[in-house]
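Some notes on the structure that comes next.
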Amino acid sequence: EQDCLQMIGKKMDGTTEKLRNPAKVNTLKWATWIIARMGGWKGYISQRKPGPIVLQKGLAKFYNVYEGWLLFQDYN
C-alpha cells in the first residue's frame, strides 16, 4: 500500500511549496495528507483540516486505485 501511496503522492503534490506534502515519507501523517487530498481536501493552510467524511471519501478512492494497482502488478 505504501508503494501505491508513493506513486499517488507524487501526483497529489502541487506545483507550489504550499501545496506539497509537508510530512516525512512513509509516516501516518504523510499517508493521511494523501488520502485527504484524494477525498477532495485542497491542502491549503487557510483551509480547515480534513474531517472524517473527507478522509472516508479519500480512503474509498484509494482502495479502488489500490485494487487496480494490484491487478497491474499481477500482470507485470
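Simple scheme: letters A, B, ... for chains in C-alpha cells order, numbers from 1 for residues in each chain, numbers from 1 for ligands in the order shown.
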Pick out the residues sitting within 12 Å of Tyr63 of chain A, and hand them over as a PyMOL selection string; count only C-alpha atoms, and ignore anything fewer than 5 positions along from it in its own chain.
chain A and resi 1+4-5+8+35+38-39+56-58+68-70
Include all heavy atoms and write out the residues we just selected as a compact mmCIF listing (two decimals), in the first residue's frame.
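Final output, saved to out25.txt:
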# COMPACT_ATOMS: atom_id res chain seq x y z
N GLU A 1 0.83 -1.19 0.00
CA GLU A 1 0.00 0.00 0.00
C GLU A 1 0.87 1.25 0.00
O GLU A 1 0.51 2.24 -0.62
CB GLU A 1 -0.94 0.00 1.20
CG GLU A 1 -2.04 -1.03 1.12
CD GLU A 1 -2.92 -1.07 2.35
OE1 GLU A 1 -2.61 -0.39 3.35
OE2 GLU A 1 -3.94 -1.77 2.30
N CYS A 4 2.08 2.12 -3.51
CA CYS A 4 1.00 2.75 -4.26
C CYS A 4 0.79 4.18 -3.79
O CYS A 4 0.62 5.09 -4.59
CB CYS A 4 -0.28 1.92 -4.10
SG CYS A 4 -1.68 2.53 -5.06
N LEU A 5 0.83 4.40 -2.48
CA LEU A 5 0.67 5.75 -1.93
C LEU A 5 1.79 6.67 -2.41
O LEU A 5 1.55 7.86 -2.66
CB LEU A 5 0.66 5.72 -0.40
CG LEU A 5 -0.69 5.52 0.27
CD1 LEU A 5 -0.51 5.33 1.77
CD2 LEU A 5 -1.63 6.65 -0.01
N ILE A 8 0.87 7.76 -5.91
CA ILE A 8 -0.25 8.69 -5.88
C ILE A 8 0.21 10.03 -5.30
O ILE A 8 -0.19 11.10 -5.77
CB ILE A 8 -1.42 8.12 -5.04
CG1 ILE A 8 -1.99 6.89 -5.72
CG2 ILE A 8 -2.50 9.16 -4.83
CD1 ILE A 8 -2.95 6.10 -4.86
N ILE A 35 -4.45 10.78 1.47
CA ILE A 35 -5.84 10.30 1.50
C ILE A 35 -6.80 11.49 1.54
O ILE A 35 -7.83 11.49 0.86
CB ILE A 35 -6.06 9.37 2.72
CG1 ILE A 35 -5.19 8.11 2.60
CG2 ILE A 35 -7.53 9.01 2.88
CD1 ILE A 35 -5.50 7.21 1.44
N MET A 38 -7.09 13.01 -1.84
CA MET A 38 -7.93 12.17 -2.69
C MET A 38 -9.41 12.36 -2.36
O MET A 38 -10.25 12.19 -3.23
CB MET A 38 -7.55 10.69 -2.54
CG MET A 38 -6.20 10.36 -3.10
SD MET A 38 -5.79 8.62 -2.93
CE MET A 38 -6.70 7.95 -4.32
N GLY A 39 -9.70 12.71 -1.12
CA GLY A 39 -11.08 12.93 -0.69
C GLY A 39 -11.64 14.30 -1.02
O GLY A 39 -12.79 14.59 -0.74
N GLN A 56 -12.91 9.56 4.73
CA GLN A 56 -13.61 8.35 4.31
C GLN A 56 -13.73 8.30 2.79
O GLN A 56 -13.52 7.26 2.18
CB GLN A 56 -14.99 8.27 4.98
CG GLN A 56 -15.70 6.94 4.82
CD GLN A 56 -16.45 6.81 3.51
OE1 GLN A 56 -16.96 7.79 2.97
NE2 GLN A 56 -16.51 5.61 3.00
N LYS A 57 -14.06 9.44 2.18
CA LYS A 57 -14.14 9.50 0.72
C LYS A 57 -12.78 9.20 0.09
O LYS A 57 -12.69 8.46 -0.89
CB LYS A 57 -14.61 10.89 0.27
CG LYS A 57 -16.07 11.16 0.52
CD LYS A 57 -16.42 12.57 0.06
CE LYS A 57 -17.84 12.93 0.38
NZ LYS A 57 -18.16 14.32 0.00
N GLY A 58 -11.74 9.79 0.66
CA GLY A 58 -10.40 9.56 0.13
C GLY A 58 -9.95 8.12 0.29
O GLY A 58 -9.32 7.55 -0.61
N GLY A 68 -6.82 -1.67 -8.48
CA GLY A 68 -6.34 -1.63 -9.86
C GLY A 68 -4.84 -1.74 -9.94
O GLY A 68 -4.29 -2.39 -10.83
N TRP A 69 -4.14 -1.11 -8.99
CA TRP A 69 -2.68 -1.16 -8.95
C TRP A 69 -2.22 -2.60 -8.71
O TRP A 69 -1.26 -3.05 -9.32
CB TRP A 69 -2.18 -0.22 -7.85
CG TRP A 69 -0.71 -0.04 -7.81
CD1 TRP A 69 0.04 0.73 -8.64
CD2 TRP A 69 0.20 -0.64 -6.88
NE1 TRP A 69 1.36 0.66 -8.28
CE2 TRP A 69 1.48 -0.18 -7.19
CE3 TRP A 69 0.04 -1.50 -5.81
CZ2 TRP A 69 2.60 -0.56 -6.49
CZ3 TRP A 69 1.15 -1.88 -5.11
CH2 TRP A 69 2.41 -1.41 -5.44
N LEU A 70 -2.92 -3.33 -7.83
CA LEU A 70 -2.57 -4.73 -7.58
C LEU A 70 -2.79 -5.59 -8.82
O LEU A 70 -1.98 -6.47 -9.12
CB LEU A 70 -3.40 -5.29 -6.41
CG LEU A 70 -3.00 -4.84 -5.02
CD1 LEU A 70 -3.97 -5.40 -3.99
CD2 LEU A 70 -1.57 -5.26 -4.70
With only C-alpha atoms as the counted atoms, please give the residues lying no more than 12 Å from Ile45 of chain A, apart from itself and same-chain residues fewer than 5 positions off, as a PyMOL selection string.
chain A and resi 17-22+50
Using C-alpha atoms, can you export the residues from the last selection as an mmCIF file, in the first residue's frame?
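Here's the written file result_34.cif:
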data_model
loop_
_atom_site.group_PDB
_atom_site.id
_atom_site.type_symbol
_atom_site.label_atom_id
_atom_site.label_comp_id
_atom_site.auth_asym_id
_atom_site.auth_seq_id
_atom_site.Cartn_x
_atom_site.Cartn_y
_atom_site.Cartn_z
ATOM 1 C CA GLU A 17 5.666 24.730 -1.906
ATOM 2 C CA LYS A 18 2.400 25.440 -0.057
ATOM 3 C CA LEU A 19 0.693 22.526 -1.798
ATOM 4 C CA ARG A 20 3.387 19.919 -1.186
ATOM 5 C CA ASN A 21 3.051 17.205 1.420
ATOM 6 C CA PRO A 22 4.973 18.558 4.439
ATOM 7 C CA PRO A 50 -9.771 17.389 6.737
#
Using only C-alpha atoms, pick whichever of A:Leu71, A:Val54, A:Lys29, A:Met7 has the shortest atom-to-atom distance to Trp41 of chain A.
A:Val54
To test your reading of the structure, identify every residue in chain A that backbone DSSP assigns to helix (DSSP H, G or I), and report it as a PyMOL selection string.
chain A and resi 2-12+17-19+28-38+52-75
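Between atom CA of Met12 of chain A and atom CA of Val25 of chain A lies a distance of 13.5 Å.
Considering the residues A:Lys49, A:Asp3, A:Lys10, A:Asp74 and counting only C-alpha atoms, Thr32 of chain A has its shortest atom-to-atom contact with A:Lys49.
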Given only C-alpha atoms as the basis, pick out the residue of A:Asn26, A:Leu55, A:Ala31, A:Arg37 nearest to Asp13 of chain A.
A:Arg37
Using atom CA of Gln2 of chain A and atom CA of Phe62 of chain A as the two end points, give the distance in Å to one decimal.
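Computing the Euclidean distance for atom CA of Gln2 of chain A and atom CA of Phe62 of chain A yields 11.3 Å.
Comparing the minimum interatomic distances between Trp30 of chain A and each of A:Thr16, A:Gly9, A:Val65, A:Ile53, counting only C-alpha atoms, we find that A:Gly9 sits nearest.
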Quote the spacing between atom CA of Ala23 of chain A and atom CA of Arg48 of chain A in Å to one decimal place.
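Separation of atom CA of Ala23 of chain A and atom CA of Arg48 of chain A: 17.2 Å.
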